[in-house]
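**Student:** Take a look at coords05.csv, CSV, C-alpha atoms and all ligand atoms:
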chain,number,residue,atom,x,y,z
J,54,MET,CA,269.1,233.8,273.8
J,55,ILE,CA,269.4,231.4,276.7
J,56,SER,CA,271.7,232.8,279.3
J,57,LYS,CA,275.2,231.2,279.4
J,58,ASN,CA,275.0,230.9,283.1
J,59,ARG,CA,272.7,228.0,282.7
J,60,PHE,CA,275.5,225.9,281.3
J,61,LYS,CA,277.9,226.6,284.2
J,62,ARG,CA,275.4,225.2,286.6
J,63,ASN,CA,275.3,221.8,284.9
J,64,LEU,CA,277.6,219.2,286.3
J,65,GLN,CA,276.2,216.7,283.8
J,66,VAL,CA,274.4,216.7,280.5
J,67,PHE,CA,272.6,213.9,278.7
J,68,GLN,CA,275.0,211.7,276.9
J,69,SER,CA,277.2,213.7,274.5
J,70,CYS,CA,274.6,216.5,274.2
J,71,ASP,CA,277.1,219.1,275.1
J,72,LYS,CA,277.1,221.4,272.1
J,73,GLU,CA,277.0,225.1,272.4
J,74,TYR,CA,273.4,226.6,272.4
J,75,LYS,CA,274.2,228.6,269.3
J,76,ASP,CA,275.3,225.5,267.4
J,77,SER,CA,272.3,223.4,268.4
J,78,SER,CA,269.0,222.8,266.6
J,79,VAL,CA,267.6,220.7,269.5
J,80,VAL,CA,267.6,221.9,273.1
J,81,ILE,CA,267.0,219.4,276.0
J,82,PHE,CA,265.7,220.7,279.3
J,83,SER,CA,263.9,219.0,282.2
J,84,SER,CA,260.9,220.3,284.1
J,85,PRO,CA,261.1,218.9,287.7
J,86,MET,CA,257.4,219.2,288.5
J,87,ASP,CA,255.2,216.6,290.2
J,88,ALA,CA,252.7,218.7,292.0
J,89,THR,CA,249.5,217.1,290.6
J,90,CYS,CA,250.5,213.4,290.5
J,91,SER,CA,247.3,211.5,291.5
J,92,PHE,CA,249.1,208.5,293.0
J,93,ARG,CA,252.8,208.4,293.7
J,94,PRO,CA,255.0,211.5,293.1
J,95,GLY,CA,258.8,211.5,292.3
J,96,THR,CA,259.0,212.5,288.6
J,97,ARG,CA,260.8,215.7,289.6
J,98,PHE,CA,263.9,213.6,289.9
J,99,ALA,CA,263.8,212.2,286.4
J,100,GLY,CA,266.1,214.8,284.7
J,101,PRO,CA,269.2,214.4,287.0
J,102,ALA,CA,268.7,210.5,287.1
J,103,ILE,CA,268.6,210.3,283.3
J,104,ARG,CA,271.7,212.5,282.9
J,105,GLN,CA,273.6,210.4,285.5
J,106,ASP,CA,272.6,207.0,284.0
J,107,SER,CA,273.1,208.1,280.4
J,108,ILE,CA,276.9,207.7,280.9
J,109,GLY,CA,276.3,204.0,280.6
J,110,MET,CA,274.6,204.3,277.2
J,111,GLU,CA,276.2,204.3,273.8
J,112,TRP,CA,275.7,207.5,271.7
J,113,TYR,CA,275.4,205.4,268.6
J,114,SER,CA,271.9,204.1,267.7
J,115,PRO,CA,271.9,201.0,265.5
J,116,TYR,CA,268.2,201.6,264.9
J,117,PHE,CA,268.7,205.0,263.3
J,118,ASN,CA,272.3,204.4,262.3
J,119,MET,CA,273.0,207.8,263.7
J,120,ASP,CA,275.4,209.1,266.4
J,121,LEU,CA,274.1,211.5,269.0
J,122,LYS,CA,277.5,213.2,269.2
J,123,ASP,CA,277.3,214.2,265.5
J,124,TYR,CA,274.3,216.4,265.9
J,125,GLY,CA,273.8,219.9,267.4
J,126,THR,CA,272.1,219.2,270.7
J,127,CYS,CA,272.6,221.0,274.0
J,128,ASP,CA,271.2,220.1,277.4
J,129,ILE,CA,270.4,223.2,279.5
J,130,GLY,CA,269.5,221.1,282.6
J,131,ASP,CA,266.6,221.4,285.1
J,132,LEU,CA,264.5,224.5,285.0
J,133,ASP,CA,264.1,226.5,288.2
J,134,LEU,CA,260.5,225.8,289.0
J,135,PRO,CA,258.7,227.2,292.1
J,136,MET,CA,257.6,224.0,293.7
J,137,GLY,CA,253.9,223.6,294.3
J,138,ASP,CA,252.7,226.6,292.3
J,139,VAL,CA,251.4,224.8,289.2
J,140,GLU,CA,250.5,227.9,287.2
J,141,LYS,CA,253.9,229.5,287.9
J,142,ASP,CA,255.7,226.2,287.0
J,143,LEU,CA,253.8,226.2,283.7
J,144,LYS,CA,254.6,229.8,283.0
J,145,GLU,CA,258.3,229.2,283.5
J,146,ILE,CA,258.2,226.2,281.1
J,147,SER,CA,256.4,228.4,278.6
J,148,ARG,CA,258.9,231.2,279.0
J,149,VAL,CA,261.9,228.9,278.3
J,150,THR,CA,260.0,227.2,275.4
J,151,SER,CA,259.2,230.5,273.8
J,152,LEU,CA,262.9,231.6,273.9
J,153,ILE,CA,264.0,228.4,272.3
J,154,LEU,CA,261.3,228.6,269.6
J,155,LYS,CA,262.2,232.2,268.8
J,156,ASP,CA,265.8,231.1,268.2
J,157,GLY,CA,264.4,228.6,265.6
J,158,LYS,CA,265.2,225.5,267.6
J,159,LYS,CA,263.2,222.5,268.8
J,160,THR,CA,262.6,221.6,272.4
J,161,MET,CA,263.1,218.1,273.8
J,162,MET,CA,261.6,218.3,277.3
J,163,ILE,CA,262.1,215.7,280.0
J,164,GLY,CA,259.3,215.5,282.6
J,165,GLY,CA,258.2,215.8,285.4
J,166,GLU,CA,254.6,214.7,285.4
J,167,HIS,CA,252.6,214.9,282.2
J,168,LEU,CA,251.1,218.3,283.0
J,169,VAL,CA,254.5,219.9,282.0
J,170,THR,CA,253.4,219.3,278.3
J,171,LEU,CA,250.8,222.0,278.7
J,172,GLY,CA,253.6,224.5,279.3
J,173,THR,CA,255.3,223.8,276.0
J,174,ILE,CA,252.1,223.4,274.0
J,175,ARG,CA,250.9,226.9,275.0
J,176,GLU,CA,253.9,228.2,273.1
J,177,TYR,CA,253.9,225.7,270.2
J,178,VAL,CA,250.3,226.6,269.2
J,179,LYS,CA,251.4,230.3,268.9
J,180,LYS,CA,254.2,229.4,266.5
J,181,TYR,CA,252.4,226.5,264.6
J,182,LYS,CA,248.8,227.4,263.9
J,183,ASP,CA,247.7,223.9,262.8
J,184,LEU,CA,249.7,222.0,265.4
J,185,ASN,CA,248.9,218.3,265.8
J,186,ILE,CA,249.9,216.1,268.7
J,187,ILE,CA,250.9,212.4,268.7
J,188,HIS,CA,250.5,211.0,272.2
J,189,PHE,CA,251.7,207.7,273.6
J,190,ASP,CA,250.3,206.9,277.1
J,191,ALA,CA,248.5,204.2,279.2
J,192,HIS,CA,246.1,206.9,280.3
J,193,THR,CA,243.7,209.0,278.3
J,194,ASP,CA,244.6,212.2,280.2
J,195,LEU,CA,241.4,213.7,278.8
J,196,ARG,CA,239.4,214.6,281.9
J,197,GLU,CA,238.0,218.1,282.1
J,198,GLU,CA,238.9,218.3,285.7
J,199,PHE,CA,240.3,215.9,288.3
J,200,LEU,CA,239.7,216.0,292.1
J,201,GLY,CA,238.4,219.5,291.6
J,202,ARG,CA,241.4,220.9,289.7
J,203,GLU,CA,241.5,221.8,286.0
J,204,LEU,CA,245.2,221.5,285.8
J,205,SER,CA,246.4,218.0,286.4
J,206,HIS,CA,248.3,215.2,284.7
J,207,ALA,CA,244.9,213.6,284.3
J,208,THR,CA,243.6,216.5,282.3
J,209,VAL,CA,246.6,217.6,280.3
J,210,LEU,CA,245.7,216.3,276.8
J,211,ARG,CA,242.2,217.8,277.2
J,212,LYS,CA,243.7,221.2,278.0
J,213,CYS,CA,246.1,220.9,275.1
J,214,TYR,CA,243.2,219.9,272.8
J,215,ASP,CA,241.4,223.1,273.8
J,216,LEU,CA,244.4,225.1,272.5
J,217,LEU,CA,244.6,223.4,269.1
J,218,ASP,CA,243.3,225.3,266.1
J,219,GLY,CA,242.7,223.0,263.1
J,220,GLY,CA,245.0,220.2,264.3
J,221,THR,CA,244.1,217.3,266.5
J,222,ILE,CA,245.4,214.6,268.8
J,223,TYR,CA,246.3,211.0,267.9
J,224,GLN,CA,246.6,208.7,270.9
J,225,PHE,CA,248.3,205.3,271.1
J,226,GLY,CA,248.6,202.6,273.8
J,227,ILE,CA,245.6,203.9,275.8
J,228,ARG,CA,244.2,201.4,278.3
J,229,SER,CA,243.0,203.4,281.3
J,230,GLY,CA,240.6,206.2,281.9
J,231,ASP,CA,237.0,207.2,282.9
J,232,ARG,CA,234.2,205.9,280.6
J,233,SER,CA,233.3,209.5,279.7
J,234,GLU,CA,236.8,210.2,278.4
J,235,PHE,CA,236.6,207.3,276.0
J,236,GLU,CA,233.2,208.5,274.8
J,237,TRP,CA,234.5,212.1,274.3
J,238,ALA,CA,237.5,210.8,272.4
J,239,LYS,CA,235.3,209.0,269.9
J,240,THR,CA,233.9,212.3,268.6
J,241,HIS,CA,236.9,214.7,269.1
J,242,ILE,CA,240.2,213.0,268.5
J,243,HIS,CA,241.8,209.8,267.1
J,244,GLN,CA,242.2,207.4,270.0
J,245,HIS,CA,243.9,204.0,269.5
J,246,LEU,CA,243.6,201.6,272.3
J,247,PHE,CA,246.2,199.1,273.7
J,248,ASP,CA,248.9,199.3,271.1
J,249,THR,CA,250.3,201.4,268.2
J,250,GLU,CA,248.1,200.1,265.5
J,251,GLY,CA,246.8,202.9,263.3
J,252,LEU,CA,250.1,204.8,263.5
J,253,ASP,CA,250.8,204.3,259.7
J,254,GLU,CA,247.5,206.0,258.9
J,255,ALA,CA,248.2,208.8,261.4
J,256,ILE,CA,251.6,209.4,259.8
J,257,GLU,CA,250.0,209.5,256.3
J,258,ALA,CA,247.5,212.1,257.5
J,259,LEU,CA,250.1,214.2,259.2
J,260,LYS,CA,252.9,213.9,256.7
J,261,ASP,CA,253.6,217.6,256.0
J,262,LYS,CA,251.8,219.1,259.0
J,263,PRO,CA,253.5,220.4,262.2
J,264,VAL,CA,253.6,217.6,264.8
J,265,TYR,CA,254.5,217.6,268.4
J,266,ILE,CA,255.2,214.2,270.0
J,267,THR,CA,254.5,213.5,273.7
J,268,ILE,CA,255.5,210.2,275.2
J,269,ASP,CA,254.3,209.3,278.7
J,270,LEU,CA,256.6,206.4,279.5
J,271,ASP,CA,253.9,204.5,281.3
J,272,VAL,CA,252.6,203.5,277.8
J,273,LEU,CA,255.3,200.8,278.3
J,274,ASP,CA,254.3,197.6,280.2
J,275,PRO,CA,255.3,197.8,283.9
J,276,SER,CA,257.4,194.7,283.3
J,277,VAL,CA,259.6,196.9,281.0
J,278,PHE,CA,259.2,200.2,282.9
J,279,PRO,CA,258.1,199.9,286.6
J,280,GLY,CA,259.6,203.3,287.6
J,281,THR,CA,256.5,205.4,287.3
J,282,GLY,CA,253.8,206.8,289.5
J,283,THR,CA,250.8,205.2,287.9
J,284,PRO,CA,251.8,201.9,286.4
J,285,GLU,CA,249.2,200.1,284.2
J,286,ALA,CA,249.4,196.5,283.3
J,287,GLY,CA,248.9,195.5,279.6
J,288,GLY,CA,251.4,198.0,278.1
J,289,ILE,CA,253.5,197.9,274.9
J,290,THR,CA,257.0,196.5,274.7
J,291,PHE,CA,260.2,198.6,274.2
J,292,LYS,CA,260.4,197.1,270.7
J,293,GLU,CA,256.9,198.4,269.8
J,294,LEU,CA,257.8,201.8,271.0
J,295,GLU,CA,261.1,201.8,269.2
J,296,ALA,CA,259.4,200.7,266.0
J,297,ALA,CA,256.9,203.6,266.4
J,298,ILE,CA,259.6,206.1,266.9
J,299,LEU,CA,261.4,204.9,263.8
J,300,LYS,CA,258.3,205.0,261.7
J,301,MET,CA,257.8,208.7,262.7
J,302,ARG,CA,260.8,209.5,260.6
J,303,LYS,CA,258.3,209.6,257.7
J,304,LEU,CA,256.8,212.8,259.2
J,305,ASN,CA,258.3,215.8,257.5
J,306,ASN,CA,257.6,218.4,260.1
J,307,ILE,CA,258.2,217.2,263.7
J,308,VAL,CA,258.5,220.4,265.6
J,309,GLY,CA,259.2,219.2,269.2
J,310,ALA,CA,258.9,216.4,271.7
J,311,ASP,CA,258.7,215.5,275.3
J,312,MET,CA,259.1,212.4,277.4
J,313,VAL,CA,257.4,212.3,280.8
J,314,GLU,CA,256.5,210.4,284.0
J,315,LEU,CA,259.8,208.6,284.8
J,316,SER,CA,259.9,208.4,288.6
J,317,PRO,CA,263.3,206.9,289.1
J,318,ASP,CA,263.2,206.0,292.8
J,319,TYR,CA,260.4,203.4,292.2
J,320,ASP,CA,262.9,201.2,290.4
J,321,THR,CA,266.1,200.9,292.3
J,322,SER,CA,267.5,198.6,289.7
J,323,HIS,CA,267.8,201.7,287.5
J,324,VAL,CA,266.4,199.7,284.6
J,325,SER,CA,263.5,202.1,284.1
J,326,THR,CA,266.0,205.0,284.0
J,327,GLN,CA,268.1,203.2,281.4
J,328,VAL,CA,264.9,202.6,279.3
J,329,ALA,CA,264.1,206.3,279.5
J,330,CYS,CA,267.7,207.1,278.4
J,331,LYS,CA,267.3,205.0,275.4
J,332,VAL,CA,263.9,206.4,274.5
J,333,LEU,CA,265.4,209.9,274.9
J,334,ARG,CA,268.3,209.1,272.6
J,335,GLU,CA,266.0,207.8,269.9
J,336,LEU,CA,263.7,210.9,270.3
J,337,VAL,CA,266.6,213.3,269.9
J,338,LEU,CA,267.8,211.4,266.8
J,339,LEU,CA,264.2,211.5,265.5
J,340,LEU,CA,264.2,215.3,265.9
J,341,HIS,CA,267.5,215.5,264.0
J,342,SER,CA,266.5,212.9,261.3
J,343,HIS,CA,265.7,215.5,258.7
J,344,ASP,CA,268.8,217.7,259.5
J,345,ASN,CA,270.7,216.6,256.4
J,346,ASN,CA,267.8,216.8,253.9
B,1,MN,MN,250.0,210.9,280.8
B,2,MN,MN,250.1,207.8,281.9
Mind turning this structure into structure tokens?
**Tutor:**
Amino acid sequence: MISKNRFKRNLQVFQSCDKEYKDSSVVIFSSPMDATCSFRPGTRFAGPAIRQDSIGMEWYSPYFNMDLKDYGTCDIGDLDLPMGDVEKDLKEISRVTSLILKDGKKTMMIGGEHLVTLGTIREYVKKYKDLNIIHFDAHTDLREEFLGRELSHATVLRKCYDLLDGGTIYQFGIRSGDRSEFEWAKTHIHQHLFDTEGLDEAIEALKDKPVYITIDLDVLDPSVFPGTGTPEAGGITFKELEAAILKMRKLNNIVGADMVELSPDYDTSHVSTQVACKVLRELVLLLHSHDNN
């Protein structure tokens, strides 16, 4: 069980996600880690920024025709991560993930930089032997190492791949990386460049398999989402991402998700944070979309 003290420390939760832990099938937490950002840091502030700005967002989604407040979701806030010690940060993310998974719930993690995903995947592969990952990103994140370090937001999906046993990775929106990463992808994973084409086939192939979804928000075009550390021109629109999230309702076994790389202070208009709030609302509803079946 997650300690009750966690709740007392939260001044704010993500819009209407204030149910008791015991009554929740989805648990939101944020991982304030940006130790390996290759360009501009600041993603550690995403969780609190999203909670604050979610006040201005409706809990009803006309896309899903579902109300956030009708579902069992609790938000346990920012994890206490020892800043700058990457392996310890990941261990804490794994520890909390394992507690939530043991209680039969799904995690909905807010980054942080993308490396936080490795912390959850380390636990998910223990519970789901043939786990698959659907990954939206501007960047391949498939390097074996970056600037001499194995653990980086530029290597995270490669490190996740190494943990998979039978499952694989489907990438969408990719438009930036080293030539060798694109070559490696051709023979190891399903990589879809520039947009979300190919998602229907991926959903068909993964229909009854356990699937974890990771959305690096820089998959969106910088005109839609400038508040991130490594913006890449040529991204998808919000409508394309929303359509992709809606389509994934056809997957019968989505086991968890995360949304990473919002760096709120790079967009003082708060539009990027609002976009992140809306993506998070839709992801939480996606995780609940089979609750009544
Ligand atoms: Mn990424
Ligand atoms: Mn990225």
**Student:** Could you list, as a PyMOL selection string, all the residues within 6 Å of ligand MN 2 (chain B), counting all atoms listed in the file?
**Tutor:** chain J and resi 190-192+269+271
**Student:** Output C-alpha atoms for every residue in that selection, as a PDB file, in the frame of the given file.
**Tutor:**
ATOM      1  CA  ASP J 190     250.300 206.900 277.100  1.00  0.00           C
ATOM      2  CA  ALA J 191     248.500 204.200 279.200  1.00  0.00           C
ATOM      3  CA  HIS J 192     246.100 206.900 280.300  1.00  0.00           C
ATOM      4  CA  ASP J 269     254.300 209.300 278.700  1.00  0.00           C
ATOM      5  CA  ASP J 271     253.900 204.500 281.300  1.00  0.00           C
TER       6      ASP J 271
END
**Student:** Taking only C-alpha atoms and all ligand atoms into account, which of J:Glu335, J:Glu166, J:Asp183, J:Asp218 comes nearest ligand MN 1 (chain B)?
**Tutor:**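 Nearest to ligand MN 1 (chain B): J:Glu166.
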**Student:** What does the structure give for the distance between atom CA of J:Thr150 and atom CA of J:Ile81, in Å to one decimal?
**Tutor:**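 Atom CA of J:Ile81 lies 10.5 Å from atom CA of J:Thr150.
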**Student:** Which residues of chain J come within 9 Å of ligand MN 1 (chain B), and for each one, what is the closest pair of atoms and their distance in Å to one decimal, counting all atoms listed in the file, sorted by chain and residue number, as JSON lines?
**Tutor:**
{"residue": "J:Glu166", "atom": "CA", "partner": "B:MN1", "partner_atom": "MN", "distance": 7.5}
{"residue": "J:His167", "atom": "CA", "partner": "B:MN1", "partner_atom": "MN", "distance": 5.0}
{"residue": "J:Leu168", "atom": "CA", "partner": "B:MN1", "partner_atom": "MN", "distance": 7.8}
{"residue": "J:His188", "atom": "CA", "partner": "B:MN1", "partner_atom": "MN", "distance": 8.6}
{"residue": "J:Phe189", "atom": "CA", "partner": "B:MN1", "partner_atom": "MN", "distance": 8.1}
{"residue": "J:Asp190", "atom": "CA", "partner": "B:MN1", "partner_atom": "MN", "distance": 5.5}
{"residue": "J:Ala191", "atom": "CA", "partner": "B:MN1", "partner_atom": "MN", "distance": 7.0}
{"residue": "J:His192", "atom": "CA", "partner": "B:MN1", "partner_atom": "MN", "distance": 5.6}
{"residue": "J:Thr193", "atom": "CA", "partner": "B:MN1", "partner_atom": "MN", "distance": 7.0}
{"residue": "J:Asp194", "atom": "CA", "partner": "B:MN1", "partner_atom": "MN", "distance": 5.6}
{"residue": "J:His206", "atom": "CA", "partner": "B:MN1", "partner_atom": "MN", "distance": 6.0}
{"residue": "J:Ala207", "atom": "CA", "partner": "B:MN1", "partner_atom": "MN", "distance": 6.7}
{"residue": "J:Thr208", "atom": "CA", "partner": "B:MN1", "partner_atom": "MN", "distance": 8.6}
{"residue": "J:Val209", "atom": "CA", "partner": "B:MN1", "partner_atom": "MN", "distance": 7.5}
{"residue": "J:Leu210", "atom": "CA", "partner": "B:MN1", "partner_atom": "MN", "distance": 8.0}
{"residue": "J:Thr267", "atom": "CA", "partner": "B:MN1", "partner_atom": "MN", "distance": 8.8}
{"residue": "J:Ile268", "atom": "CA", "partner": "B:MN1", "partner_atom": "MN", "distance": 7.9}
{"residue": "J:Asp269", "atom": "CA", "partner": "B:MN1", "partner_atom": "MN", "distance": 5.0}
{"residue": "J:Leu270", "atom": "CA", "partner": "B:MN1", "partner_atom": "MN", "distance": 8.1}
{"residue": "J:Asp271", "atom": "CA", "partner": "B:MN1", "partner_atom": "MN", "distance": 7.5}
{"residue": "J:Val272", "atom": "CA", "partner": "B:MN1", "partner_atom": "MN", "distance": 8.4}
{"residue": "J:Val313", "atom": "CA", "partner": "B:MN1", "partner_atom": "MN", "distance": 7.5}
{"residue": "J:Glu314", "atom": "CA", "partner": "B:MN1", "partner_atom": "MN", "distance": 7.3}
**Student:** Between J:Ser84, J:Ser325, J:Gln105, J:Asn118, single out the one closest to J:Pro135, counting all atoms listed in the file.
**Tutor:**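 Smallest distance to J:Pro135 is found for J:Ser84.
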**Student:** Show which residues sit within 10 Å of J:Ser147, as a ChimeraX atom specification. Count only C-alpha atoms, and ignore same-chain residues fewer than 2 positions away.
**Tutor:** /J:141-145,149-153,169-177
**Student:** Residues at most 8 Å from J:Ile222, counting only C-alpha atoms, excluding those fewer than 2 positions away in the same chain, as an MDAnalysis selection string?
**Tutor:** chainID J and resid 185:188 214 220 224 242:244
**Student:** Would you compute the distance between atom CA of J:Thr281 and atom CA of J:Val328? Give it in Å to one decimal.
**Tutor:**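 Taking atom CA of J:Thr281 and atom CA of J:Val328, their separation equals 11.9 Å.
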**Student:** Which residue, J:Asp311, J:Ala329, J:Leu304, J:Ala99, has the smallest gap to J:Glu254 when you use all atoms listed in the file?
**Tutor:**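 Among the listed residues, the smallest separation from J:Glu254 belongs to J:Leu304.
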**Student:** For each of J:Thr126, J:Thr326, J:Thr160, J:Thr321, take the minimum atom-to-atom distance to J:Phe82, counting all atoms listed in the file, then give the residue where this is smallest.
**Tutor:**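 With all atoms listed in the file as the atom set, the closest residue is J:Thr160.
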**Student:** Find the residues around J:His245 up to 8 Å (only C-alpha atoms counted), leave out those fewer than 4 positions away in its own chain, and share them as a ChimeraX atom specification.
**Tutor:** /J:223-227,249-251
**Student:** Can you find the residues with an atom no farther than 12 Å from (259.0, 218.3, 261.3), counting all atoms listed in the file, and report them as an NGL selection string?
**Tutor:** :J and (158-159 or 181 or 184-186 or 256 or 259-266 or 301-310 or 339-344 or 346)
**Student:** Select, from J:Leu195, J:Ile129, J:Leu252, J:Leu217, the residue with the minimum atom-to-atom distance to J:Gly230, counting only C-alpha atoms.
**Tutor:**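 Ranked by minimum distance to J:Gly230, first place goes to J:Leu195.
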